[in-house]
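Have a look at model14.cif; it's mmCIF, C-alpha atoms:
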data_work
loop_
_atom_site.group_PDB
_atom_site.id
_atom_site.type_symbol
_atom_site.label_atom_id
_atom_site.label_comp_id
_atom_site.auth_asym_id
_atom_site.auth_seq_id
_atom_site.Cartn_x
_atom_site.Cartn_y
_atom_site.Cartn_z
ATOM 1 C CA MET M 1 10.205 67.555 -25.989
ATOM 2 C CA PRO M 2 6.662 68.314 -24.822
ATOM 3 C CA ALA M 3 5.587 67.128 -21.388
ATOM 4 C CA THR M 4 4.383 63.510 -21.183
ATOM 5 C CA GLU M 5 0.887 64.506 -20.069
ATOM 6 C CA THR M 6 0.648 66.909 -23.007
ATOM 7 C CA VAL M 7 1.596 64.143 -25.443
ATOM 8 C CA VAL M 8 -0.983 61.778 -23.932
ATOM 9 C CA LEU M 9 -3.673 64.446 -24.123
ATOM 10 C CA PHE M 10 -2.838 65.219 -27.735
ATOM 11 C CA MET M 11 -2.902 61.518 -28.656
ATOM 12 C CA ALA M 12 -6.373 61.208 -27.149
ATOM 13 C CA ALA M 13 -7.530 64.257 -29.085
ATOM 14 C CA ALA M 14 -5.906 62.994 -32.304
ATOM 15 C CA LEU M 15 -7.601 59.619 -31.924
ATOM 16 C CA ALA M 16 -10.957 61.330 -31.478
ATOM 17 C CA VAL M 17 -10.403 63.468 -34.591
ATOM 18 C CA ASN M 18 -9.178 60.539 -36.686
ATOM 19 C CA MET M 19 -12.140 58.386 -35.641
ATOM 20 C CA THR M 20 -14.650 61.052 -36.611
ATOM 21 C CA PRO M 21 -16.263 60.193 -39.983
ATOM 22 C CA GLY M 22 -14.913 62.477 -42.687
ATOM 23 C CA PRO M 23 -13.135 62.485 -46.066
ATOM 24 C CA SER M 24 -10.370 60.086 -44.991
ATOM 25 C CA ILE M 25 -12.634 57.379 -43.576
ATOM 26 C CA ALA M 26 -15.108 57.761 -46.436
ATOM 27 C CA TYR M 27 -12.359 57.386 -49.047
ATOM 28 C CA VAL M 28 -10.840 54.302 -47.413
ATOM 29 C CA MET M 29 -14.271 52.726 -47.009
ATOM 30 C CA SER M 30 -15.178 53.377 -50.629
ATOM 31 C CA ARG M 31 -11.921 51.827 -51.848
ATOM 32 C CA SER M 32 -12.089 48.727 -49.654
ATOM 33 C CA PHE M 33 -15.804 48.420 -50.346
ATOM 34 C CA GLY M 34 -15.324 48.708 -54.089
ATOM 35 C CA GLN M 35 -12.003 46.932 -54.676
ATOM 36 C CA GLY M 36 -11.126 44.848 -51.625
ATOM 37 C CA ARG M 37 -8.989 44.885 -48.501
ATOM 38 C CA THR M 38 -5.618 45.380 -50.183
ATOM 39 C CA ALA M 39 -6.823 48.473 -52.047
ATOM 40 C CA GLY M 40 -8.307 49.801 -48.807
ATOM 41 C CA LEU M 41 -5.038 49.319 -46.924
ATOM 42 C CA VAL M 42 -3.053 50.974 -49.724
ATOM 43 C CA SER M 43 -5.472 53.913 -49.751
ATOM 44 C CA ALA M 44 -4.934 54.270 -45.986
ATOM 45 C CA LEU M 45 -1.179 54.508 -46.592
ATOM 46 C CA GLY M 46 -1.800 57.145 -49.268
ATOM 47 C CA LEU M 47 -3.916 59.203 -46.900
ATOM 48 C CA GLY M 48 -1.239 58.815 -44.240
ATOM 49 C CA THR M 49 1.355 60.195 -46.633
ATOM 50 C CA GLY M 50 -0.928 63.151 -47.358
ATOM 51 C CA SER M 51 -1.379 63.917 -43.661
ATOM 52 C CA LEU M 52 2.395 63.678 -43.193
ATOM 53 C CA LEU M 53 2.868 66.279 -45.927
ATOM 54 C CA HIS M 54 0.347 68.512 -44.138
ATOM 55 C CA ALA M 55 2.385 68.136 -40.935
ATOM 56 C CA ILE M 56 5.553 69.157 -42.745
ATOM 57 C CA ALA M 57 3.752 72.093 -44.354
ATOM 58 C CA ALA M 58 2.488 73.230 -40.949
ATOM 59 C CA THR M 59 6.015 73.003 -39.558
ATOM 60 C CA LEU M 60 7.281 75.199 -42.376
ATOM 61 C CA GLY M 61 4.402 77.637 -41.907
ATOM 62 C CA LEU M 62 2.857 77.014 -45.332
ATOM 63 C CA SER M 63 -0.508 76.047 -43.857
ATOM 64 C CA ALA M 64 -0.925 79.624 -42.653
ATOM 65 C CA ILE M 65 -1.685 80.555 -46.255
ATOM 66 C CA VAL M 66 -4.719 78.265 -46.195
ATOM 67 C CA ALA M 67 -5.717 79.363 -42.718
ATOM 68 C CA TYR M 68 -5.662 83.105 -43.396
ATOM 69 C CA SER M 69 -6.482 83.377 -47.104
ATOM 70 C CA PRO M 70 -10.170 82.739 -47.888
ATOM 71 C CA MET M 71 -9.415 82.682 -51.610
ATOM 72 C CA VAL M 72 -6.723 80.003 -51.330
ATOM 73 C CA TYR M 73 -8.938 77.990 -48.984
ATOM 74 C CA ALA M 74 -11.834 78.173 -51.454
ATOM 75 C CA VAL M 75 -9.673 77.151 -54.410
ATOM 76 C CA ILE M 76 -8.283 74.111 -52.574
ATOM 77 C CA ARG M 77 -11.735 73.192 -51.279
ATOM 78 C CA TYR M 78 -13.312 73.241 -54.747
ATOM 79 C CA LEU M 79 -10.377 71.368 -56.260
ATOM 80 C CA GLY M 80 -10.741 68.709 -53.598
ATOM 81 C CA ALA M 81 -14.497 68.506 -54.095
ATOM 82 C CA ALA M 82 -14.127 68.228 -57.872
ATOM 83 C CA TYR M 83 -11.505 65.521 -57.473
ATOM 84 C CA LEU M 84 -13.713 63.426 -55.187
ATOM 85 C CA VAL M 85 -16.643 63.733 -57.597
ATOM 86 C CA TYR M 86 -14.316 62.701 -60.426
ATOM 87 C CA LEU M 87 -13.258 59.600 -58.479
ATOM 88 C CA GLY M 88 -16.886 58.662 -57.860
ATOM 89 C CA VAL M 89 -17.869 59.082 -61.508
ATOM 90 C CA ASP M 90 -14.770 57.164 -62.580
ATOM 91 C CA LEU M 91 -15.811 54.254 -60.350
ATOM 92 C CA LEU M 92 -19.243 54.209 -62.003
ATOM 93 C CA ARG M 93 -17.651 54.044 -65.445
ATOM 94 C CA ARG M 94 -15.137 51.298 -64.632
ATOM 95 C CA ARG M 95 -15.784 47.592 -65.080
ATOM 96 C CA GLN M 96 -17.372 46.408 -61.863
ATOM 97 C CA VAL M 97 -14.871 44.531 -59.711
ATOM 98 C CA ARG M 98 -15.830 41.311 -57.966
ATOM 99 C CA ILE M 99 -14.021 40.832 -54.670
ATOM 100 C CA ALA M 100 -13.845 37.103 -55.335
ATOM 101 C CA ASP M 101 -12.088 37.521 -58.698
ATOM 102 C CA ASP M 102 -8.578 36.110 -58.989
ATOM 103 C CA GLY M 103 -5.660 38.344 -59.948
ATOM 104 C CA PRO M 104 -5.358 42.131 -59.918
ATOM 105 C CA THR M 105 -8.508 43.981 -60.971
ATOM 106 C CA GLY M 106 -9.789 47.501 -60.841
ATOM 107 C CA LEU M 107 -7.545 50.516 -60.374
ATOM 108 C CA PRO M 108 -3.837 49.616 -59.987
ATOM 109 C CA LEU M 109 -2.635 49.836 -56.397
ATOM 110 C CA SER M 110 -0.190 52.588 -57.312
ATOM 111 C CA GLY M 111 -3.160 54.619 -58.554
ATOM 112 C CA VAL M 112 -5.089 53.882 -55.359
ATOM 113 C CA TYR M 113 -2.122 55.093 -53.287
ATOM 114 C CA TRP M 114 -1.618 58.343 -55.172
ATOM 115 C CA GLN M 115 -5.339 59.070 -55.192
ATOM 116 C CA GLY M 116 -5.245 58.737 -51.404
ATOM 117 C CA VAL M 117 -2.316 61.149 -51.184
ATOM 118 C CA LEU M 118 -4.059 63.704 -53.397
ATOM 119 C CA THR M 119 -7.379 63.299 -51.588
ATOM 120 C CA GLU M 120 -5.737 64.166 -48.271
ATOM 121 C CA ILE M 121 -3.648 67.015 -49.691
ATOM 122 C CA LEU M 122 -6.774 68.589 -51.202
ATOM 123 C CA ASN M 123 -8.588 68.474 -47.862
ATOM 124 C CA PRO M 124 -8.082 72.050 -46.553
ATOM 125 C CA LYS M 125 -9.613 71.266 -43.168
ATOM 126 C CA ILE M 126 -6.589 69.119 -42.321
ATOM 127 C CA ALA M 127 -4.365 72.164 -42.794
ATOM 128 C CA LEU M 128 -6.718 74.238 -40.647
ATOM 129 C CA PHE M 129 -6.615 71.541 -37.973
ATOM 130 C CA PHE M 130 -2.837 71.796 -37.769
ATOM 131 C CA LEU M 131 -3.043 75.593 -37.557
ATOM 132 C CA SER M 132 -5.925 75.981 -35.108
ATOM 133 C CA PHE M 133 -5.755 72.880 -32.897
ATOM 134 C CA LEU M 134 -2.176 71.642 -32.796
ATOM 135 C CA PRO M 135 -0.580 74.933 -31.592
ATOM 136 C CA GLN M 136 -2.550 74.640 -28.324
ATOM 137 C CA PHE M 137 -0.168 71.832 -27.337
ATOM 138 C CA VAL M 138 3.046 73.616 -28.303
ATOM 139 C CA ASP M 139 4.957 75.216 -25.441
ATOM 140 C CA PRO M 140 7.758 77.582 -26.578
ATOM 141 C CA ALA M 141 9.348 77.218 -23.152
ATOM 142 C CA ARG M 142 10.067 73.559 -23.863
ATOM 143 C CA GLY M 143 12.145 74.103 -26.997
ATOM 144 C CA SER M 144 11.798 74.648 -30.732
ATOM 145 C CA VAL M 145 8.253 75.475 -31.832
ATOM 146 C CA ALA M 146 8.917 73.982 -35.274
ATOM 147 C CA GLY M 147 10.281 70.804 -33.704
ATOM 148 C CA GLN M 148 7.258 70.403 -31.438
ATOM 149 C CA THR M 149 4.894 71.115 -34.349
ATOM 150 C CA LEU M 150 6.527 68.394 -36.430
ATOM 151 C CA PHE M 151 6.479 66.006 -33.464
ATOM 152 C CA PHE M 152 2.740 66.448 -32.898
ATOM 153 C CA GLY M 153 2.144 66.211 -36.641
ATOM 154 C CA LEU M 154 3.875 62.830 -36.649
ATOM 155 C CA VAL M 155 1.808 61.724 -33.644
ATOM 156 C CA PHE M 156 -1.352 62.664 -35.537
ATOM 157 C CA HIS M 157 -0.078 60.697 -38.526
ATOM 158 C CA VAL M 158 0.763 57.623 -36.415
ATOM 159 C CA THR M 159 -2.702 57.571 -34.796
ATOM 160 C CA GLY M 160 -4.538 58.108 -38.076
ATOM 161 C CA VAL M 161 -3.016 55.359 -40.240
ATOM 162 C CA PRO M 162 -3.999 52.386 -37.996
ATOM 163 C CA ILE M 163 -7.574 53.671 -37.738
ATOM 164 C CA ASN M 164 -7.877 53.966 -41.508
ATOM 165 C CA MET M 165 -6.443 50.465 -41.870
ATOM 166 C CA LEU M 166 -9.073 49.093 -39.495
ATOM 167 C CA VAL M 167 -11.715 50.831 -41.596
ATOM 168 C CA ALA M 168 -10.240 49.174 -44.694
ATOM 169 C CA VAL M 169 -10.439 45.705 -43.120
ATOM 170 C CA ALA M 170 -14.014 46.288 -41.955
ATOM 171 C CA GLY M 171 -15.054 47.664 -45.334
ATOM 172 C CA SER M 172 -13.598 44.714 -47.227
ATOM 173 C CA ALA M 173 -15.374 42.259 -44.904
ATOM 174 C CA ILE M 174 -18.682 43.953 -45.661
ATOM 175 C CA ALA M 175 -17.856 43.912 -49.375
ATOM 176 C CA VAL M 176 -17.219 40.144 -49.330
ATOM 177 C CA TRP M 177 -20.625 39.614 -47.735
ATOM 178 C CA PHE M 178 -22.255 41.773 -50.413
ATOM 179 C CA SER M 179 -20.441 39.914 -53.213
ATOM 180 C CA ARG M 180 -22.268 36.671 -52.386
ATOM 181 C CA ASN M 181 -25.341 38.048 -54.129
ATOM 182 C CA PRO M 182 -25.232 39.748 -57.578
ATOM 183 C CA VAL M 183 -27.855 42.306 -56.559
ATOM 184 C CA PHE M 184 -25.994 43.171 -53.365
ATOM 185 C CA GLU M 185 -22.749 43.387 -55.316
ATOM 186 C CA GLN M 186 -24.269 45.936 -57.698
ATOM 187 C CA ILE M 187 -25.464 47.918 -54.682
ATOM 188 C CA ARG M 188 -21.924 47.729 -53.273
ATOM 189 C CA ASN M 189 -20.484 49.205 -56.449
ATOM 190 C CA TRP M 190 -23.042 52.007 -56.509
ATOM 191 C CA LEU M 191 -22.458 52.805 -52.841
ATOM 192 C CA SER M 192 -18.708 53.091 -53.400
ATOM 193 C CA SER M 193 -19.313 55.730 -56.068
ATOM 194 C CA ILE M 194 -22.090 57.548 -54.237
ATOM 195 C CA VAL M 195 -19.929 57.906 -51.112
ATOM 196 C CA LEU M 196 -17.203 59.714 -53.073
ATOM 197 C CA ILE M 197 -19.599 61.880 -55.086
ATOM 198 C CA GLY M 198 -21.613 62.790 -51.992
ATOM 199 C CA LEU M 199 -18.440 63.581 -50.090
ATOM 200 C CA GLY M 200 -17.275 65.884 -52.892
ATOM 201 C CA VAL M 201 -20.587 67.742 -52.932
ATOM 202 C CA ARG M 202 -20.527 68.037 -49.140
ATOM 203 C CA LEU M 203 -17.008 69.465 -49.198
ATOM 204 C CA ALA M 204 -17.962 72.005 -51.876
ATOM 205 C CA LEU M 205 -20.982 73.191 -49.877
ATOM 206 C CA SER M 206 -19.332 73.134 -46.459
ATOM 207 C CA GLU M 207 -18.786 76.345 -44.561
ATOM 208 C CA ARG M 208 -15.370 77.412 -43.357
ATOM 209 C CA ARG M 209 -15.003 77.017 -39.599
#

Step by step, read the file and then write its structure as structure tokens.
Amino acid sequence: MPATETVVLFMAAALAVNMTPGPSIAYVMSRSFGQGRTAGLVSALGLGTGSLLHAIAATLGLSAIVAYSPMVYAVIRYLGAAYLVYLGVDLLRRRQVRIADDGPTGLPLSGVYWQGVLTEILNPKIALFFLSFLPQFVDPARGSVAGQTLFFGLVFHVTGVPINMLVAVAGSAIAVWFSRNPVFEQIRNWLSSIVLIGLGVRLALSERR
């Protein structure tokens, strides 16, 4: 087990990273903003599953492929960007969902969940985070490197899911306020799509760091 002070320091760093606006927060906000609190919470769980898979991949060493192969990184980046743009365009084409409507509307929750998983998996910067940042907290003298890597990956996962859920609740509250006026509701629907499309374009144009 890592030292207690190391765990506390990593948790603080993980919280800071998870609170920084990026693909995860933007996706959760767009879902809760466009389809309501439940969809936002489910999308947060999907993203959490994706980050957990990244942690497992880092433990197994698979993330090194992304970290040290520019071609693989570029392919994953463009796939992720294209997928986000697709989600945004798909939202524009769907029947607009009113938050106040009764019964299930919009994309099924299972679809929301799996879109969240895929969105996080196709975010190559998460893999780079696990390869460049997480190892700084691993101490070979304290036991298995793979075990410590998985442990810190789980800590990152545990700190990220609650933050995304809070974003979902906040986003749905804003959406309810918008839904009181038809004009505002139309703006809400457009914003949900624009966030995803803009995020996809940003990811495609971003530089590798």

> In Å, how far is it from CA of Gly40 (chain M) to CA of Thr119 (chain M)?
Replying inline: 13.8 Å

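With distances restricted to only C-alpha atoms, M:Leu134 is the closest residue to Ala146 (chain M) from M:Leu41, M:Leu134, M:Ile197, M:Val158.
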
>> Applying the PyMOL selection byres ((chain M and resi 137) around 10) to the file I just gave you, which residues come out? Please list them as a ChimeraX atom specification.
In response: /M:2-3,6-7,9-10,133-136,138-140,148-149,152

Generate the output file for the selected residues, C-alpha atoms, as a compact mmCIF listing (two decimals), in the coordinates of the input.
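Result saved to out32.txt:
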# COMPACT_ATOMS: atom_id res chain seq x y z
CA PRO M 2 6.66 68.31 -24.82
CA ALA M 3 5.59 67.13 -21.39
CA THR M 6 0.65 66.91 -23.01
CA VAL M 7 1.60 64.14 -25.44
CA LEU M 9 -3.67 64.45 -24.12
CA PHE M 10 -2.84 65.22 -27.74
CA PHE M 133 -5.76 72.88 -32.90
CA LEU M 134 -2.18 71.64 -32.80
CA PRO M 135 -0.58 74.93 -31.59
CA GLN M 136 -2.55 74.64 -28.32
CA VAL M 138 3.05 73.62 -28.30
CA ASP M 139 4.96 75.22 -25.44
CA PRO M 140 7.76 77.58 -26.58
CA GLN M 148 7.26 70.40 -31.44
CA THR M 149 4.89 71.11 -34.35
CA PHE M 152 2.74 66.45 -32.90

Region 132-146 of chain M, all listed atoms, 4 Å padding on each side: what axis-aligned box centre and edge lengths in Å to one decimal come out, as JSON?
{"center_x": 3.1, "center_y": 74.6, "center_z": -29.2, "size_x": 26.1, "size_y": 13.9, "size_z": 20.1}

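As for CA of Tyr27 (chain M) and CA of Gly200 (chain M), they are spaced 10.5 Å apart.
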